[in-house]
>>> print(open('run_15.txt').read())   # compact mmCIF, C-alpha atoms
# COMPACT_ATOMS: atom_id res chain seq x y z
CA MET A 1 2.94 -0.49 23.17
CA ILE A 2 5.18 -1.79 20.36
CA LYS A 3 5.50 1.70 18.95
CA ASP A 4 6.53 3.10 22.32
CA THR A 5 9.48 0.74 22.66
CA MET A 6 10.78 0.92 19.09
CA ILE A 7 14.18 2.49 18.50
CA GLU A 8 14.95 4.16 15.21
CA ALA A 9 17.92 2.93 13.24
CA PRO A 10 20.90 5.25 13.65
CA ASN A 11 21.54 7.72 10.87
CA PRO A 12 25.16 7.32 9.67
CA ALA A 13 25.40 11.06 9.20
CA GLU A 14 24.67 11.62 12.89
CA GLY A 15 27.43 9.31 14.10
CA PRO A 16 27.04 6.26 16.36
CA ARG A 17 23.96 6.05 18.57
CA ASP A 18 23.83 4.75 22.13
CA ASP A 19 20.71 2.59 22.21
CA LEU A 20 20.84 2.17 25.98
CA THR A 21 20.91 5.93 26.51
CA ASP A 22 17.96 6.29 24.12
CA LEU A 23 16.00 3.78 26.18
CA LEU A 24 16.88 5.61 29.39
CA ARG A 25 15.73 8.90 27.88
CA GLU A 26 12.43 7.37 26.76
CA GLY A 27 11.95 5.92 30.22
CA ALA A 28 12.74 9.27 31.81
CA LYS A 29 10.28 10.96 29.47
CA ARG A 30 7.46 8.61 30.52
CA LEU A 31 8.29 8.95 34.23
CA ILE A 32 8.31 12.75 34.00
CA ALA A 33 4.99 12.68 32.14
CA GLN A 34 3.45 10.47 34.82
CA ALA A 35 4.75 12.68 37.64
CA VAL A 36 3.47 15.88 36.02
CA ASP A 37 0.11 14.20 35.29
CA ALA A 38 -0.14 13.30 38.98
CA GLU A 39 0.47 16.97 39.83
CA LEU A 40 -2.29 17.98 37.44
CA SER A 41 -4.70 15.43 38.93
CA ALA A 42 -4.05 16.88 42.38
CA THR A 43 -4.82 20.38 41.09
CA LEU A 44 -8.03 19.25 39.40
CA ALA A 45 -9.08 17.43 42.59
CA GLU A 46 -8.49 20.62 44.57
CA PHE A 47 -11.03 22.45 42.42
CA ALA A 48 -13.41 19.50 41.93
CA ASP A 49 -16.22 21.27 43.79
CA TYR A 50 -15.73 24.53 41.93
CA LYS A 51 -18.70 24.27 39.55
CA ASP A 52 -21.26 26.40 37.75
CA ASP A 53 -25.00 26.31 38.30
CA ALA A 54 -25.34 23.40 35.88
CA GLY A 55 -22.86 21.32 37.89
CA ARG A 56 -20.06 21.56 35.36
CA ARG A 57 -16.51 22.05 36.55
CA TYR A 58 -14.94 25.42 35.98
CA VAL A 59 -11.35 24.09 35.95
CA VAL A 60 -10.72 21.45 33.28
CA ARG A 61 -7.82 20.04 31.25
CA ASN A 62 -6.98 22.03 28.16
CA GLY A 63 -4.27 20.27 26.15
CA TYR A 64 -0.55 20.90 26.51
CA LEU A 65 1.98 23.67 26.40
CA PRO A 66 4.48 23.51 23.52
CA GLU A 67 6.99 20.68 23.87
CA ARG A 68 10.41 21.62 25.15
CA GLU A 69 13.66 19.89 26.06
CA ILE A 70 15.15 19.60 29.54
CA MET A 71 18.87 18.95 29.74
CA THR A 72 19.54 16.08 32.17
CA GLY A 73 22.49 13.94 33.17
CA ILE A 74 21.65 11.52 30.33
CA GLY A 75 21.17 14.24 27.74
CA PRO A 76 18.10 16.17 26.56
CA VAL A 77 14.64 14.81 27.36
CA SER A 78 11.54 16.12 25.59
CA VAL A 79 8.69 17.07 27.92
CA ARG A 80 5.15 18.37 27.56
CA VAL A 81 3.40 20.11 30.43
CA PRO A 82 -0.41 19.96 30.47
CA LYS A 83 -2.47 23.06 31.03
CA VAL A 84 -5.93 23.83 32.35
CA ARG A 85 -8.73 26.21 31.39
CA ASP A 86 -10.66 28.15 33.96
CA ARG A 87 -14.14 28.88 32.60
CA SER A 88 -15.03 31.06 35.60
CA GLY A 89 -12.71 33.83 34.55
CA ALA A 90 -10.69 33.67 37.81
CA ARG A 91 -7.55 32.82 35.81
CA ILE A 92 -6.69 29.68 37.73
CA LYS A 93 -3.61 28.10 36.19
CA PHE A 94 -1.64 24.89 36.62
CA THR A 95 2.07 25.27 37.32
CA SER A 96 4.16 22.13 37.69
CA ALA A 97 6.55 22.16 40.63
CA LEU A 98 8.62 19.51 38.85
CA LEU A 99 8.85 21.45 35.60
CA PRO A 100 8.51 25.19 36.28
CA PRO A 101 7.85 27.31 33.16
CA TYR A 102 11.41 28.49 32.62
CA ILE A 103 13.47 25.47 33.65
CA ARG A 104 15.71 24.26 30.84
CA ARG A 105 18.13 21.92 32.58
CA ALA A 106 18.23 19.57 35.53
CA ARG A 107 20.09 20.68 38.63
CA SER A 108 22.60 17.83 38.19
CA VAL A 109 23.83 19.45 34.97
CA GLU A 110 24.23 22.81 36.67
CA GLU A 111 26.30 21.17 39.40
CA VAL A 112 28.84 19.79 36.93
CA LEU A 113 29.50 23.20 35.35
CA PRO A 114 31.43 24.69 38.31
CA TRP A 115 33.61 21.58 38.49
CA LEU A 116 34.43 21.87 34.78
CA TYR A 117 35.24 25.53 35.23
CA LEU A 118 37.57 24.87 38.16
CA LYS A 119 39.16 22.10 36.13
CA GLY A 120 40.39 24.79 33.78
CA ILE A 121 37.82 24.54 30.97
CA SER A 122 37.02 28.01 29.71
CA THR A 123 33.55 29.28 28.99
CA GLY A 124 34.13 29.00 25.26
CA ASP A 125 35.11 25.32 25.53
CA MET A 126 32.36 24.39 27.96
CA GLN A 127 29.83 23.30 25.33
CA GLU A 128 32.35 20.95 23.69
CA ALA A 129 33.18 19.43 27.08
CA LEU A 130 29.50 18.92 27.88
CA GLU A 131 28.90 17.33 24.49
CA ALA A 132 31.58 14.79 25.38
CA LEU A 133 29.68 14.02 28.57
CA LEU A 134 26.08 14.33 27.39
CA GLY A 135 26.29 13.62 23.67
CA GLN A 136 25.94 15.68 20.52
CA ASP A 137 22.52 16.94 21.64
CA ALA A 138 23.86 19.14 24.44
CA LYS A 139 21.86 22.17 23.38
CA GLY A 140 21.18 25.39 25.21
CA LEU A 141 24.62 25.52 26.79
CA SER A 142 26.34 28.14 24.71
CA PRO A 143 29.07 30.38 26.17
CA ALA A 144 26.45 33.09 26.64
CA SER A 145 24.13 30.81 28.63
CA ILE A 146 27.02 29.58 30.78
CA SER A 147 28.00 33.18 31.50
CA ARG A 148 24.42 33.86 32.55
CA LEU A 149 24.56 30.85 34.86
CA LYS A 150 27.71 32.17 36.52
CA ALA A 151 26.05 35.55 36.99
CA ARG A 152 23.07 33.81 38.59
CA TRP A 153 25.37 31.91 40.96
CA GLU A 154 26.84 35.22 42.08
CA ASP A 155 23.34 36.60 42.72
CA GLU A 156 22.37 33.45 44.63
CA ARG A 157 25.48 33.66 46.81
CA GLN A 158 24.80 37.31 47.51
CA ALA A 159 21.22 36.54 48.60
CA TRP A 160 22.42 33.55 50.66
CA SER A 161 25.02 35.68 52.44
CA GLN A 162 22.25 38.06 53.57
CA ARG A 163 19.79 35.43 54.82
CA ASP A 164 18.21 35.74 58.27
CA LEU A 165 19.91 33.58 60.94
CA SER A 166 17.72 34.44 63.93
CA SER A 167 16.17 30.95 63.98
CA LYS A 168 19.53 29.16 63.91
CA ARG A 169 21.47 27.66 66.80
CA TYR A 170 24.81 26.06 66.05
CA VAL A 171 26.60 23.87 68.61
CA TYR A 172 29.98 23.56 66.86
CA PHE A 173 31.82 25.59 64.23
CA TRP A 174 34.54 24.27 61.93
CA ILE A 175 36.49 27.11 60.37
CA ASP A 176 39.21 27.35 57.72
CA GLY A 177 40.52 29.48 54.91
CA VAL A 178 40.61 28.14 51.34
CA TYR A 179 43.13 29.82 49.06
CA PHE A 180 42.99 30.47 45.30
CA ASN A 181 45.08 32.28 42.74
CA VAL A 182 42.99 34.77 40.81
CA ARG A 183 43.82 37.07 37.95
CA MET A 184 45.08 40.57 38.54
CA ASP A 185 45.73 39.80 42.20
CA GLU A 186 49.25 39.50 43.51
CA ALA A 187 48.07 38.06 46.83
CA LYS A 188 46.18 34.82 47.08
CA GLN A 189 42.47 35.12 47.61
CA CYS A 190 41.27 33.52 50.80
CA ILE A 191 37.73 32.21 51.08
CA LEU A 192 36.66 32.19 54.73
CA VAL A 193 34.58 29.09 55.38
CA ILE A 194 32.46 28.28 58.43
CA ILE A 195 30.52 25.04 58.76
CA GLY A 196 28.14 24.62 61.68
CA VAL A 197 26.12 21.78 63.16
CA THR A 198 22.58 22.33 64.45
CA GLU A 199 21.03 20.78 67.56
CA GLU A 200 19.56 18.11 65.27
CA GLY A 201 23.03 17.09 64.09
CA VAL A 202 22.68 18.59 60.61
CA LYS A 203 25.90 20.08 59.24
CA GLU A 204 25.53 23.10 56.98
CA PHE A 205 27.48 26.04 55.66
CA VAL A 206 27.19 29.10 57.85
CA ALA A 207 29.49 31.45 55.92
CA ILE A 208 31.45 31.49 52.67
CA GLU A 209 33.05 34.92 52.52
CA ASP A 210 35.87 36.71 50.76
CA GLY A 211 38.84 37.52 52.99
CA TYR A 212 42.46 38.57 52.96
CA ARG A 213 44.95 35.98 54.24
CA GLU A 214 42.72 34.95 57.15
CA SER A 215 43.42 38.27 58.88
CA GLU A 216 41.81 39.23 62.17
CA GLN A 217 39.89 42.02 60.46
CA SER A 218 38.51 39.68 57.79
CA TRP A 219 37.29 37.15 60.37
CA LEU A 220 35.96 39.92 62.61
CA MET A 221 33.83 41.27 59.76
CA ALA A 222 32.55 37.77 58.93
CA LEU A 223 31.61 36.96 62.54
CA ARG A 224 30.00 40.35 63.19
CA ASP A 225 27.95 39.92 60.04
CA LEU A 226 26.59 36.60 61.38
CA LYS A 227 25.60 38.28 64.63
CA GLN A 228 23.95 41.22 62.87
CA ARG A 229 21.84 38.78 60.85
CA GLY A 230 20.45 37.15 63.97
CA LEU A 231 23.01 34.60 65.18
CA GLU A 232 23.14 36.10 68.66
CA ILE A 233 24.37 32.98 70.46
CA GLY A 234 27.71 31.61 69.32
CA PRO A 235 28.70 27.95 69.16
CA GLU A 236 29.87 26.06 72.23
CA LEU A 237 33.11 25.10 70.47
CA ALA A 238 34.99 26.34 67.43
CA VAL A 239 37.46 24.02 65.68
CA GLY A 240 40.20 25.43 63.48
CA ASP A 241 43.91 25.56 62.72
CA GLY A 242 46.37 27.97 64.24
CA ALA A 243 45.46 30.95 62.05
CA LEU A 244 45.77 33.78 64.57
CA GLY A 245 43.21 36.00 62.83
CA PHE A 246 40.20 33.91 63.75
CA TRP A 247 41.22 33.26 67.35
CA LYS A 248 41.79 36.97 67.94
CA ALA A 249 38.44 37.87 66.38
CA LEU A 250 36.33 35.15 68.05
CA PRO A 251 36.25 36.50 71.66
CA LYS A 252 35.30 39.96 70.36
CA VAL A 253 32.05 38.57 68.95
CA TYR A 254 31.32 35.26 70.71
CA GLY A 255 33.19 35.47 74.00
CA GLN A 256 31.77 32.25 75.49
CA THR A 257 32.86 29.99 72.63
CA ARG A 258 35.69 27.62 73.50
CA SER A 259 38.58 26.84 71.17
CA GLN A 260 39.72 23.48 69.83
CA ARG A 261 42.85 23.39 67.67
CA CYS A 262 42.86 20.97 64.76
CA TRP A 263 45.13 17.99 65.42
CA VAL A 264 45.78 17.40 61.73
CA HIS A 265 47.15 20.91 61.26
CA LYS A 266 49.07 20.82 64.53
CA THR A 267 50.68 17.48 63.66
CA LYS A 268 51.88 18.85 60.32
CA ASN A 269 53.25 21.97 61.99
CA VAL A 270 55.17 20.00 64.63
CA LEU A 271 56.59 17.52 62.13
CA ASN A 272 57.91 20.39 60.01
CA TYR A 273 60.44 21.07 62.80
CA LEU A 274 61.70 17.47 62.80
CA PRO A 275 63.97 15.65 60.34
CA LYS A 276 62.16 13.28 57.99
CA SER A 277 63.86 10.27 59.56
CA LEU A 278 62.02 10.97 62.84
CA GLN A 279 58.66 12.11 61.51
CA SER A 280 57.02 8.69 61.35
CA LYS A 281 57.87 7.86 64.95
CA ALA A 282 56.94 11.36 66.14
CA LYS A 283 53.60 11.21 64.35
CA ALA A 284 52.74 7.99 66.18
CA ALA A 285 53.67 9.63 69.50
CA LEU A 286 51.43 12.60 68.74
CA GLN A 287 48.60 10.24 67.86
CA GLN A 288 48.89 8.68 71.32
CA ILE A 289 48.00 12.08 72.77
CA TRP A 290 44.75 12.77 70.94
CA MET A 291 43.70 9.13 70.90
CA ALA A 292 44.08 8.77 74.68
CA PRO A 293 40.81 7.75 76.38
CA SER A 294 41.12 10.38 79.12
CA ARG A 295 42.62 13.82 79.63
CA GLU A 296 44.99 12.48 82.29
CA GLN A 297 46.44 9.91 79.91
CA ALA A 298 46.63 12.53 77.17
CA HIS A 299 48.69 14.79 79.44
CA LYS A 300 51.04 11.88 80.19
CA ALA A 301 51.53 11.20 76.46
CA PHE A 302 51.95 14.94 75.92
CA ASP A 303 54.68 15.20 78.57
CA ASN A 304 56.36 12.10 77.20
CA PHE A 305 56.59 13.65 73.70
CA VAL A 306 58.08 16.83 75.14
CA ALA A 307 60.63 14.89 77.20
CA ILE A 308 61.79 12.93 74.13
CA TYR A 309 62.17 15.80 71.67
CA GLU A 310 62.63 19.00 73.69
CA ALA A 311 66.41 18.87 74.05
CA LYS A 312 67.26 18.44 70.37
CA TYR A 313 64.18 19.95 68.73
CA PRO A 314 62.87 22.73 71.00
CA LYS A 315 60.91 24.43 68.22
CA ALA A 316 58.87 21.28 67.67
CA THR A 317 57.93 20.94 71.33
CA GLU A 318 57.33 24.68 71.67
CA CYS A 319 54.92 24.54 68.73
CA LEU A 320 53.01 21.76 70.49
CA GLN A 321 53.05 23.12 74.05
CA LYS A 322 51.77 26.60 73.26
CA ASP A 323 48.32 25.18 72.40
CA ARG A 324 48.10 22.42 75.01
CA ASP A 325 44.76 23.50 76.49
CA ALA A 326 43.13 24.19 73.12
CA LEU A 327 44.34 20.86 71.75
CA LEU A 328 42.72 18.94 74.62
CA ALA A 329 39.46 20.89 74.87
CA PHE A 330 37.52 18.08 73.21
CA TYR A 331 37.70 16.01 76.44
CA ASP A 332 35.01 18.34 77.88
CA PHE A 333 32.54 17.31 75.18
CA PRO A 334 30.69 14.05 74.41
CA ALA A 335 32.97 11.17 73.42
CA GLU A 336 30.69 10.43 70.46
CA HIS A 337 31.69 13.82 69.01
CA TRP A 338 35.45 13.50 69.43
CA VAL A 339 35.98 12.05 65.98
CA HIS A 340 34.33 15.17 64.56
CA ILE A 341 35.72 17.95 66.75
CA ARG A 342 39.40 17.02 66.95
CA THR A 343 39.99 18.19 63.38
CA THR A 344 38.62 20.51 60.70
CA ASN A 345 37.89 17.49 58.50
CA PRO A 346 34.36 18.68 57.47
CA VAL A 347 35.98 21.66 55.73
CA GLU A 348 39.07 19.84 54.52
CA SER A 349 37.21 16.92 52.95
CA THR A 350 34.71 19.21 51.23
CA PHE A 351 37.35 21.39 49.61
CA ALA A 352 40.03 18.76 49.02
CA THR A 353 39.21 18.50 45.32
CA VAL A 354 38.87 22.26 45.00
CA ARG A 355 42.33 22.76 46.52
CA LEU A 356 43.84 20.37 43.97
CA ARG A 357 42.43 22.51 41.15
CA THR A 358 43.53 25.93 42.30
CA ALA A 359 46.41 25.96 39.83
CA LYS A 360 43.90 25.57 37.00
CA THR A 361 42.04 28.70 38.04
CA ARG A 362 45.07 30.96 37.64
CA GLY A 363 44.29 33.74 35.19
CA CYS A 364 40.83 32.31 34.50
CA VAL A 365 38.49 33.84 37.03
CA SER A 366 37.88 36.98 39.05
CA ARG A 367 37.48 37.17 42.82
CA ASN A 368 33.67 37.34 42.58
CA THR A 369 33.52 34.41 40.17
CA ILE A 370 35.67 32.10 42.28
CA LEU A 371 33.60 33.02 45.35
CA ALA A 372 30.41 32.12 43.49
CA LEU A 373 31.92 28.85 42.26
CA VAL A 374 33.05 27.86 45.76
CA PHE A 375 29.55 28.66 47.03
CA ARG A 376 27.93 26.57 44.32
CA LEU A 377 30.28 23.63 44.87
CA GLY A 378 29.85 23.88 48.62
CA LEU A 379 26.06 23.67 48.50
CA SER A 380 26.34 20.72 46.14
CA ALA A 381 28.61 18.89 48.60
CA GLU A 382 26.38 19.84 51.54
CA LYS A 383 23.57 17.66 50.17
CA HIS A 384 25.65 14.53 50.78
CA TRP A 385 26.73 15.23 54.35
CA ILE A 386 25.56 12.84 57.03
CA LYS A 387 24.41 13.73 60.53
CA LEU A 388 26.86 14.16 63.36
CA ARG A 389 27.56 10.92 65.18
CA GLY A 390 25.80 10.90 68.55
CA PHE A 391 23.83 14.02 67.67
CA GLN A 392 21.40 13.23 70.51
CA ARG A 393 24.08 14.59 72.87
CA LEU A 394 24.02 18.04 71.25
CA GLY A 395 20.99 19.09 73.27
CA GLN A 396 22.89 18.30 76.47
CA VAL A 397 25.80 20.44 75.32
CA ILE A 398 23.45 23.36 74.66
CA ARG A 399 21.78 22.96 78.07
CA GLY A 400 25.17 23.21 79.76
CA VAL A 401 25.58 19.61 80.89
CA LYS A 402 29.19 19.12 81.98
CA PHE A 403 31.28 16.37 80.42
CA SER A 404 34.48 14.85 81.75
CA ASP A 405 36.54 12.61 79.47
CA GLY A 406 33.57 12.46 77.13
CA ALA A 407 30.98 11.30 79.68
CA PRO A 408 28.31 13.46 81.34
CA VAL A 409 29.18 14.38 84.91
CA ALA A 410 26.65 13.37 87.60
CA ASP A 411 25.31 16.17 89.80
CA ASP A 412 27.10 14.97 92.95
CA GLN A 413 30.38 14.54 91.09
CA GLN A 414 29.95 18.00 89.55
CA GLN A 415 29.46 19.54 93.00
CA VAL A 416 32.67 17.92 94.23
CA GLU A 417 34.60 19.19 91.19
CA ASP A 418 33.13 22.69 91.58
CA GLY A 419 34.13 22.67 95.24
CA LEU A 420 37.68 21.67 94.42
CA VAL A 421 37.88 24.44 91.84
CA SER A 422 36.53 27.01 94.34
CA ARG A 423 39.01 25.98 97.07
CA SER A 424 41.94 26.04 94.65
CA ALA A 425 40.91 29.49 93.45
CA ALA A 426 40.72 30.71 97.06
>>> encode(input="run_15.txt", output="structure tokens")
Amino acid sequence: MIKDTMIEAPNPAEGPRDDLTDLLREGAKRLIAQAVDAELSATLAEFADYKDDAGRRYVVRNGYLPEREIMTGIGPVSVRVPKVRDRSGARIKFTSALLPPYIRRARSVEEVLPWLYLKGISTGDMQEALEALLGQDAKGLSPASISRLKARWEDERQAWSQRDLSSKRYVYFWIDGVYFNVRMDEAKQCILVIIGVTEEGVKEFVAIEDGYRESEQSWLMALRDLKQRGLEIGPELAVGDGALGFWKALPKVYGQTRSQRCWVHKTKNVLNYLPKSLQSKAKAALQQIWMAPSREQAHKAFDNFVAIYEAKYPKATECLQKDRDALLAFYDFPAEHWVHIRTTNPVESTFATVRLRTAKTRGCVSRNTILALVFRLGLSAEKHWIKLRGFQRLGQVIRGVKFSDGAPVADDQQQVEDGLVSRSAA
């Protein structure tokens, strides 16, 4: 026990040592060994009754594979994976799920590489940057290995973009275009992003595709691809900004999906037509619209804004009025979901950091590389998303339950409303 906890004195030639990190690595090494040993015990137990005529087990422990290092967030950790011998000749082997044969680094290390790349660190400087983070022992991360990682990310994104979607059912879509400057391209590259939420309230990426300036054709190709891969039923509501390309393409693929314009984008667009001295007051007036507890009160706040600013700033009120219905669509959905479906925040918050780094990517990456990096960063962020608030209501939305001002409409009330609609139509 004393030997296990001893720490060697630092070698002056190697530079200063971090004793705490050394202890953490030793602890990680023991935990990994225990976990892998538990896996092995489970395998041996599985074949415990597999014996010869003399009652001896066919599958037994047989030492260890050669020791190797796994790069982790606290630097390299030495590991040894045990192996088994099958005396029956059936070639039964033990493969650790925790430490597959070819793994050389923890996923956490792979997740930091795209961020470093977007930060502007070139492939050649990557190892030096990682050494600053992980210490002088950051081995196995040469420019060649990093290039191979980027190639693998591109392959993974390609496979992901062709996955079967026939078992999926999304209730809401959040859509947006994320722009980057890439080398040898005069026009900005646009990454078309769709995030969906399942009936269980789980948010996940639906599409991360290359596009051209959020054009109708680009969105049409992206949406048709989703349908061809099995997503026959579209979402009940799509939330996005005023990019005309998506809204023109949507009814051609998912005609029943309703539209909700993002209030954050709309507010910015309206304020752009007003002098700075009025923007603070106007922003508060706009907030009174989308924060109103009912559609009726929202319409009153809407009309009040138009009455105040229409005479002097007609472009501002015109920008607001043209999307009145789409801006207030959220009132026909559960009130618990309003905080989620009034804006494209799921997309914006995920790519906020990426947007800040687009200047760093100029001249550094190709279109395929930036698409793979966005994919890799997106899946990393996806792991930390929380469920949709009030997700229990999503099943009602799918079943067609009507909502008025965020509350489900009772059957008798619905019949009255349907009758009023029918008489007005007549």
>>> residues_around(input="run_15.txt", residues="segment 192-201 of chain A", least_positions_apart="5", cutoff="8 Å", atoms="all atoms listed in the file", output="ChimeraX atom specification")
/A:168-178,206-211,214,219,346-347,387-389,391-392,394-395,398
>>> atom_distance(input="run_15.txt", atom1="atom CA of Leu237 of chain A", atom2="atom CA of Phe330 of chain A")
8.7 Å
>>> atom_distance(input="run_15.txt", atom1="atom CA of Leu379 of chain A", atom2="atom CA of Phe205 of chain A")
7.7 Å
>>> closest_residue(input="run_15.txt", among="A:Gly234, A:Pro314, A:Gly55, A:Pro293", to="Lys252 of chain A", atoms="all atoms listed in the file")
A:Gly234
>>> closest_residue(input="run_15.txt", among="A:Thr257, A:Phe351, A:Leu223, A:Ser167", to="Ala238 of chain A", atoms="only C-alpha atoms")
A:Thr257
>>> residues_around(input="run_15.txt", residues="Gln321 of chain A", least_positions_apart="5", cutoff="10 Å", atoms="all atoms listed in the file", output="list in words")
Phe302, Asp303, Val306, Lys315, Ala316 and Leu327 of chain A
>>> write_last_selection(input="run_15.txt", atoms="C-alpha atoms", output="mmCIF file, keeping the file's coordinate frame")
data_model
loop_
_atom_site.group_PDB
_atom_site.id
_atom_site.type_symbol
_atom_site.label_atom_id
_atom_site.label_comp_id
_atom_site.auth_asym_id
_atom_site.auth_seq_id
_atom_site.Cartn_x
_atom_site.Cartn_y
_atom_site.Cartn_z
ATOM 1 C CA PHE A 302 51.950 14.940 75.920
ATOM 2 C CA ASP A 303 54.680 15.200 78.570
ATOM 3 C CA VAL A 306 58.080 16.830 75.140
ATOM 4 C CA LYS A 315 60.910 24.430 68.220
ATOM 5 C CA ALA A 316 58.870 21.280 67.670
ATOM 6 C CA LEU A 327 44.340 20.860 71.750
#
>>> atom_distance(input="run_15.txt", atom1="atom CA of Thr344 of chain A", atom2="atom CA of Val239 of chain A")
6.2 Å
>>> closest_residue(input="run_15.txt", among="A:Ala329, A:Leu250, A:Val77, A:Ile386", to="Ser294 of chain A", atoms="only C-alpha atoms")
A:Ala329
>>> closest_residue(input="run_15.txt", among="A:Asp225, A:Thr343, A:Arg295, A:Ala284", to="Val264 of chain A", atoms="only C-alpha atoms")
A:Thr343
>>> closest_residue(input="run_15.txt", among="A:Ser349, A:Ser404, A:Asn62, A:Asn304", to="Leu328 of chain A", atoms="all atoms listed in the file")
A:Ser404
